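**Student:** Below: one structure in structure tokens.
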Amino acid sequence: MLRRLLFILPLLIFAAAAAFFMWGLDPERDPGEIPSVLIDKPVPEFSLPPIRGSEPGESTSTGLSNADLSGEGITLVNVFASWCMPCRAEHSILTDLRREEDIRLVGINYKDEPDDALAWLDELGNPYDAIGADMEGDAGLEWGISGVPETFFVDNEGIIRYRHVGPIHETEIDDLILPILEELR
Amino acid sequence: MIPELGHFALVLALVLAAVQGSIPFVGALRGDSRWMDVARPAAVGQLGAIALAFAALTHAYVVSDFTLANVVENSHSAKPMLYKVTGVWGNHEGSMLLWVLMLALCGAGVAVFGRNLPATLKARVLSVQAWIALGFLSFSLLTSNPFERVANPPLDGNDLNPLLQDPGLAFHPPLLYLGYVGFSVAFSFAVAALLEGRVDAAWARWVRPWTLAAWCSLTGGIALGSWWAYYELGWGGWWFWDPVENVSFMPWLLGTALLHSAIVVEKRDTLKAWTILLAILTFSLSLMGTFIVRSGLLTSVHAFAVDPERGSYILGLMGIATGGSLALFAWRAPVLKAGGLFAPVSREGGLLLNNLLLATATATVLIGTLYPLFLEALTGGRVSIGPPFYNYTFVPLMLPLVGAMGIGPFLAWKRADLAGVLGRLRMAALLAVVVALATWYLQNGGPVLAVLAMGFAVWLLAATLIEWAERVRLFRIPLADSWRRARGLPRSAYGMSLAHAGLAVCIIGMIGSSAWKEELVEAVQPGDSLQIAGFTLTLQDVETRPGPNYRSTTGVFEVTRDGRTLGMLEPERRYYPVAGRSTTEAAIRTNGLGDLYATINEPPEEGQDWTARIYYEPLVPWIWVGSAMMMFGGILSLADRRLRVGAPRRAARQGAQPPAAAE
Amino acid sequence: MRRVLLFALFCLVLPGAALAVQPDEKLDDPALESRARELSSEIRCVVCQHESIETSNAGIARDIRILIRERLAEGQDEDQIREYLVSRYGDYILFQPPMKPATWLLWFGPGFVFLIGLTAVIAYLMKRRSGQTAEQLSDDEQRRLKQLVEEDTRP
């Protein structure tokens, strides 16, 4: 009997492996995705200066730190840069989201030339309530980003609840983004 | 017109495969020799049809026929002719065509050389071979048709990925595929044997040369791939334990086990079920390799055009081939009777240990490759499994293997005298210890594992030489007699010695380049000098040179040692405007004991310094010298009269057996 | 999937991209620099996922290389730095997976396979030794066996 089982063992192992392969073929799955380990954790400590050369009173001159992210309702922290092409595509979608939903939108201007960043915001409009300039990318590491753009959803308690890697597409608003916001409220 | 002809030929090949897979199979069941005889012309015809299709695609590449989508995506009119031809298999569709071509080549090989095979076995083997061909031909035609036209042909193509425009990588895939696909013959023989319900020495005698041929190709393919990575990727590494490398390595490891266990089946008529299982699993791992590379299941450096739909198709094929054959194994293998007896310390015992270690090593690589997928599926967590894991798990398995390899060839069949053998190997042990200690001393300690591995490699090398010396009774009888004996030794004996010594040489190269590599990264201007491992490199100039479809920025380094000029090193950075990509072309200077390796990079901004990266890699050429020795050892063995495919003396007796015995 | 390809493009082929460690990143202290190299080669790049940060061209990889050097210069040890990186990027970032329940099967799997195999081999040898199978050989098989053995002993 044991001998018989030994002969069936290879088939069983293969069947198990094949099941995993089948699971892995799901087109929705992105094998390169690295889920953030910061989900359900408080926002990391960081403190960023304003964009150099920005006009006082504008949201570009506020700077940004972790203290700004709790007790302020739902906040979307968007990592962006003027050199990042997908950010340009995402900009109008974020602007609409900011206008139509009851959220705050703050930006981390990642490794950008201050002049370029200001010109970019001048050209496209500035939907951000506050912006910090991360010239060296230190805050980027604290947040564990792997590229630009990325958007973190932070709840009222300052806990990170969701991370969106890459630009938010228009098609994702109804199916993905709004339900998440709903859940955070 | 020609592409349509190629497409038609591919369809014809599919039809022929269907014929070859069914009629001879039924013939074998009914014992009808006329039906069984259909296999041979079908297999040869299939090869002809696929060769025609392949020629048609090659023609399209050579004349730059940009009405074909495949040519548009992977070629350019200005590309050098060599890469136009090799570009045929530098993409998914074309490489699948190459794959089925190799498969048909193996099938036709069995059909033509297998005249002396028992008729039913031959018919069944060729049927199974045709089933595999059927799967992959339909895959090619349905999901990856290389002959697809474009509606609006562009004026020129998108060019081939410049990284692939390289002689090393141009010939890496054909060798690798021949290896992968070559194992299909062992697989077909295994399935046919299970269907027949018998495995004997003649069966093993048939499987061995095919396995050996596949193994040689795979050895060459893997070595060429790692050589390419070494000189092309620009940081002097040659093995990264990347999933795509691993999936080519696993069939090699298990194929090596199969090669050795088949000897036991042939000589001693035992370990049959295990050998059958190895034959099935080796080819299954090749299939899994194809699956993983083309489905995008795991992230890898070697990005192919990934497509989950194609992945599903190959997974389906794998389910049928592997699942089906393993089910057949579970059902039929227990019937196989075990043969000859042997003591634990014997040649058989040694080969069993070889199999245990190689199978465990394969399992280790398999676990390491697939674990991230398992973990992701079960917990959503992500892990990375890189070189440190394999250093802790794989390397410790290799050390006892290498140790045992020194002893194995001395062991007698059935029962051996271990103490006696060890006594004869005193000198080898002494030499190994001396070299290990010398290494320890010269490198001021250095990684313990490297020192240890060095001792083991020297042990294997010395033991292999002693084995040969004992066979020819060197210095015990007059040299002339030894010479006569040396000439009389069978080629397979030389093949084994060469392959075993090759592994030792290969290991020494691996240790040298990973444990004692020196590295410099410096900002340089023309006129600057750098010192590494006793060499002085002076950057004389940085020139811009035109190439056929790229322009190159070349750093001209003069290499001197103790004031004497040894030569120039001219690393390049090539920019391919059509593809919009750059490649690094390292300059390498070797003296056989180590490589001086240089790359150069553009300044981050105009007017700043160049970045020079210089490595000294001790012993690294030995890796490929050793690999070549292994490959030629295999080829030498293959050329042995006793092993030659269809050796008539042996087969005549086989054919004389009553046909009833085969059923 | 598209994203994977984009990564691959970015990592392998960005024209004029700086490659791997840059001279300006290096520490003056060679001992510290070699520790930094050692550690970098065990840290996986989160952009060019097949590479270590040591060889990666990505900006993030460079940032992490610099971070490692800064922290080593401050006197932190390798474990502290690893711990920090894992707290930001997860176990993914280490090429050597940590030992914990989720990876037991990974770390002990090979040894387990070996022990199972060894047990099977020993059981097989014991059975062979007890000579059970010898009785099972038919006359025909015995004859063939003899034939084969003779053949082996021929030069």
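We label chains A, B, ... in the order they appear in the structure tokens, count residues from 1 in each chain, and number ligands from 1 in the order shown.
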Might you pull out every residue within 10 Å of stretch 60-75 of chain C, with only C-alpha atoms counted and same-chain residues fewer than 4 positions away left off, and present them as a VMD selection string?

**Tutor:** (chain A and resid 136 to 138 140 to 141 144 to 147) or (chain C and resid 19 to 22 24 to 27 29 32 to 33 35 to 37 39 to 41 43 to 48 51 to 56 80 to 82 85)

**Student:** Residues near stretch 115-129 of chain C, anyone? I mean within 12 Å using only C-alpha atoms, not counting same-chain ones fewer than 3 positions away, as a ChimeraX atom specification.

**Tutor:** /A:2-3,6 /B:270-271,274,338-346,348-361,363,414-415 /C:108-112,132-136

**Student:** As a VMD selection string, please: all residues of stretch 450-624 of chain B that backbone DSSP puts in helix (DSSP H, G or I).

**Tutor:** chain B and resid 450 to 471 479 to 488 491 to 515 621 to 624

**Student:** If I take atom CA of A:Thr151 and atom CA of A:Cys87, how far is one from the other in Å, to one decimal?

**Tutor:**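 Separation between atom CA of A:Thr151 and atom CA of A:Cys87: 10.8 Å.
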
**Student:** Which stretch 453-558 of chain B residues have any atom within 12 Å of an atom of stretch 195-215 of chain B, and for each, what is the nearest pair of atoms with distance in Å to one decimal, counting only C-alpha atoms, rows sorted by chain and number, as CSV?

**Tutor:**
```
residue,atom,partner,partner_atom,distance
B:Ser492,CA,B:Pro209,CA,11.1
B:Gly495,CA,B:Leu212,CA,10.8
B:Met496,CA,B:Leu212,CA,11.4
B:Ala499,CA,B:Trp215,CA,11.5
```

**Student:** Save out the residues we just selected, N, CA and C atoms, as a short mmCIF file (atom, residue, chain, number, x, y, z; two decimals), in the first residue's frame.

**Tutor:**
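The result, written out as selection.cif:
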```
data_model
loop_
_atom_site.label_atom_id
_atom_site.label_comp_id
_atom_site.auth_asym_id
_atom_site.auth_seq_id
_atom_site.Cartn_x
_atom_site.Cartn_y
_atom_site.Cartn_z
N SER B 492 33.96 5.99 -24.12
CA SER B 492 33.04 6.41 -23.05
C SER B 492 33.80 6.60 -21.74
N GLY B 495 35.23 9.88 -22.02
CA GLY B 495 34.12 10.83 -21.90
C GLY B 495 33.82 11.11 -20.44
N MET B 496 33.73 10.03 -19.66
CA MET B 496 33.43 10.22 -18.24
C MET B 496 34.53 11.01 -17.55
N ALA B 499 34.37 14.65 -18.56
CA ALA B 499 33.22 15.37 -18.00
C ALA B 499 33.42 15.62 -16.51
#
```

**Student:** Up to 6 Å from chain A, what residues of chain B turn up? Count only C-alpha atoms and give them as a ChimeraX atom specification.

**Tutor:** /B:298,308,326,330

**Student:** Could you save the residues just selected, with N, CA, C and O atoms, as a PDB file, in the first residue's frame?

**Tutor:**
```
ATOM      1  N   LEU B 298       6.570  34.588 -13.303  1.00  0.00           N
ATOM      2  CA  LEU B 298       7.519  35.131 -12.336  1.00  0.00           C
ATOM      3  C   LEU B 298       8.272  36.269 -13.009  1.00  0.00           C
ATOM      4  O   LEU B 298       8.486  36.237 -14.216  1.00  0.00           O
ATOM      5  N   PRO B 308      -0.560  35.797 -20.647  1.00  0.00           N
ATOM      6  CA  PRO B 308      -1.174  34.742 -19.846  1.00  0.00           C
ATOM      7  C   PRO B 308      -1.968  33.737 -20.689  1.00  0.00           C
ATOM      8  O   PRO B 308      -2.076  32.572 -20.326  1.00  0.00           O
ATOM      9  N   LEU B 326       2.556  10.951 -15.591  1.00  0.00           N
ATOM     10  CA  LEU B 326       2.716  10.588 -14.175  1.00  0.00           C
ATOM     11  C   LEU B 326       1.581   9.677 -13.713  1.00  0.00           C
ATOM     12  O   LEU B 326       1.782   8.795 -12.875  1.00  0.00           O
ATOM     13  N   ALA B 330       2.007   6.076 -12.174  1.00  0.00           N
ATOM     14  CA  ALA B 330       1.413   5.577 -10.931  1.00  0.00           C
ATOM     15  C   ALA B 330       0.701   4.253 -11.171  1.00  0.00           C
ATOM     16  O   ALA B 330       0.688   3.368 -10.315  1.00  0.00           O
TER      17      ALA B 330
END
```

**Student:** Mind listing as number ranges by chain which residues of chain B are within 6 Å of chain C, counting only C-alpha atoms?

**Tutor:** B: 300-301, 360, 364, 382-386, 388-389, 521-523, 581-582

**Student:** Do you know which residues are at most 8 Å from B:Ala515 counting only C-alpha atoms, after dropping those on the same chain fewer than 5 positions away, and could you put them as number ranges by chain?

**Tutor:** B: 446-447, 450

**Student:** If you keep N, CA, C and O atoms, can you produce a file of those selected residues as a PDB file, in the first residue's frame?

**Tutor:**
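Saved file out15.pdb follows:
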```pdb
ATOM      1  N   GLY B 446      39.863  34.159   3.930  1.00  0.00           N
ATOM      2  CA  GLY B 446      38.881  34.154   2.846  1.00  0.00           C
ATOM      3  C   GLY B 446      37.662  33.353   3.240  1.00  0.00           C
ATOM      4  O   GLY B 446      37.630  32.721   4.293  1.00  0.00           O
ATOM      5  N   PRO B 447      36.635  33.346   2.420  1.00  0.00           N
ATOM      6  CA  PRO B 447      35.418  32.620   2.767  1.00  0.00           C
ATOM      7  C   PRO B 447      35.714  31.135   2.972  1.00  0.00           C
ATOM      8  O   PRO B 447      36.362  30.520   2.133  1.00  0.00           O
ATOM      9  N   ALA B 450      34.598  28.788   0.262  1.00  0.00           N
ATOM     10  CA  ALA B 450      35.413  28.804  -0.956  1.00  0.00           C
ATOM     11  C   ALA B 450      36.637  27.916  -0.799  1.00  0.00           C
ATOM     12  O   ALA B 450      36.992  27.161  -1.703  1.00  0.00           O
TER      13      ALA B 450
END
```

**Student:** Which is closest to chain A among C:Ser34, C:Gln76, C:Asn57, C:Ser87, if we use only C-alpha atoms?

**Tutor:**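 Checking each of C:Ser34, C:Gln76, C:Asn57, C:Ser87 against chain A, counting only C-alpha atoms, the winner is C:Ser87.
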
**Student:** How many Å separate atom CA of B:Leu126 from atom CA of B:Leu52?

**Tutor:** 21.0 Å

**Student:** For B:Thr560, work out the shell of residues within 7 Å, counting only C-alpha atoms and skipping chain neighbours fewer than 6 positions away, then give it as a PDB file with N, CA, C and O atoms, in the first residue's frame.

**Tutor:**
```pdb
ATOM      1  N   PHE B 535      47.742  45.200 -12.335  1.00  0.00           N
ATOM      2  CA  PHE B 535      47.688  45.812 -13.655  1.00  0.00           C
ATOM      3  C   PHE B 535      47.460  47.316 -13.515  1.00  0.00           C
ATOM      4  O   PHE B 535      46.842  47.768 -12.552  1.00  0.00           O
ATOM      5  N   THR B 536      47.955  48.058 -14.500  1.00  0.00           N
ATOM      6  CA  THR B 536      47.657  49.485 -14.557  1.00  0.00           C
ATOM      7  C   THR B 536      46.895  49.752 -15.843  1.00  0.00           C
ATOM      8  O   THR B 536      47.337  49.351 -16.926  1.00  0.00           O
ATOM      9  N   LEU B 537      45.749  50.401 -15.715  1.00  0.00           N
ATOM     10  CA  LEU B 537      44.972  50.739 -16.892  1.00  0.00           C
ATOM     11  C   LEU B 537      44.976  52.249 -17.053  1.00  0.00           C
ATOM     12  O   LEU B 537      44.621  52.973 -16.114  1.00  0.00           O
ATOM     13  N   LEU B 566      50.832  45.502 -22.169  1.00  0.00           N
ATOM     14  CA  LEU B 566      50.294  44.177 -22.497  1.00  0.00           C
ATOM     15  C   LEU B 566      49.300  44.235 -23.648  1.00  0.00           C
ATOM     16  O   LEU B 566      49.097  43.263 -24.352  1.00  0.00           O
TER      17      LEU B 566
END
```

**Student:** If we count only C-alpha atoms, what is near B:Gln540 at a cut-off of 6 Å, once residues fewer than 4 positions away on the same chain are taken out, given as a PyMOL selection string?

**Tutor:** chain B and resi 526-527+556-557

**Student:** Name the residues in contact with A:Glu170 at a cut-off of 9 Å, using only C-alpha atoms, excluding same-chain residues fewer than 3 positions from it; report them as a list of chain:residue names.

**Tutor:** A:Glu90, A:Ile93, A:Ile173, A:Asp174

**Student:** Any chance you could export the current selection's N, CA, C and O atoms as a PDB file, in the first residue's frame?

**Tutor:**
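Full text of again26.pdb as output:
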```
ATOM      1  N   GLU A  90      -2.480  61.799 -14.826  1.00  0.00           N
ATOM      2  CA  GLU A  90      -3.235  61.577 -13.594  1.00  0.00           C
ATOM      3  C   GLU A  90      -3.752  62.893 -13.003  1.00  0.00           C
ATOM      4  O   GLU A  90      -4.733  62.898 -12.245  1.00  0.00           O
ATOM      5  N   ILE A  93      -7.416  63.852 -13.190  1.00  0.00           N
ATOM      6  CA  ILE A  93      -8.270  62.917 -12.452  1.00  0.00           C
ATOM      7  C   ILE A  93      -8.213  63.215 -10.965  1.00  0.00           C
ATOM      8  O   ILE A  93      -9.239  63.240 -10.272  1.00  0.00           O
ATOM      9  N   ILE A 173     -11.867  54.866 -11.152  1.00  0.00           N
ATOM     10  CA  ILE A 173     -12.545  55.688 -10.148  1.00  0.00           C
ATOM     11  C   ILE A 173     -13.755  54.979  -9.547  1.00  0.00           C
ATOM     12  O   ILE A 173     -13.816  54.748  -8.336  1.00  0.00           O
ATOM     13  N   ASP A 174     -14.687  54.565 -10.409  1.00  0.00           N
ATOM     14  CA  ASP A 174     -15.943  54.015  -9.900  1.00  0.00           C
ATOM     15  C   ASP A 174     -15.771  52.657  -9.230  1.00  0.00           C
ATOM     16  O   ASP A 174     -16.372  52.388  -8.194  1.00  0.00           O
TER      17      ASP A 174
END
```

**Student:** May I have all residues of stretch 354-594 of chain B that DSSP, computed from the backbone, assigns to strand (DSSP E), given as a ChimeraX atom specification?

**Tutor:** /B:518-524,529-532,535-546,551-561,564-569,572-576,581-585,587-590,594

**Student:** How far is it from atom CA of A:Ala117 to atom CA of A:Ile103, in Å with one decimal?

**Tutor:**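 Computing the Euclidean distance for atom CA of A:Ala117 and atom CA of A:Ile103 yields 22.9 Å.
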
**Student:** For chain A, which residue out of C:Arg88, C:Glu83, C:Ala58, C:Asp77 is the nearest one, using only C-alpha atoms?

**Tutor:**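 Among the listed residues, C:Arg88 lies closest to chain A.
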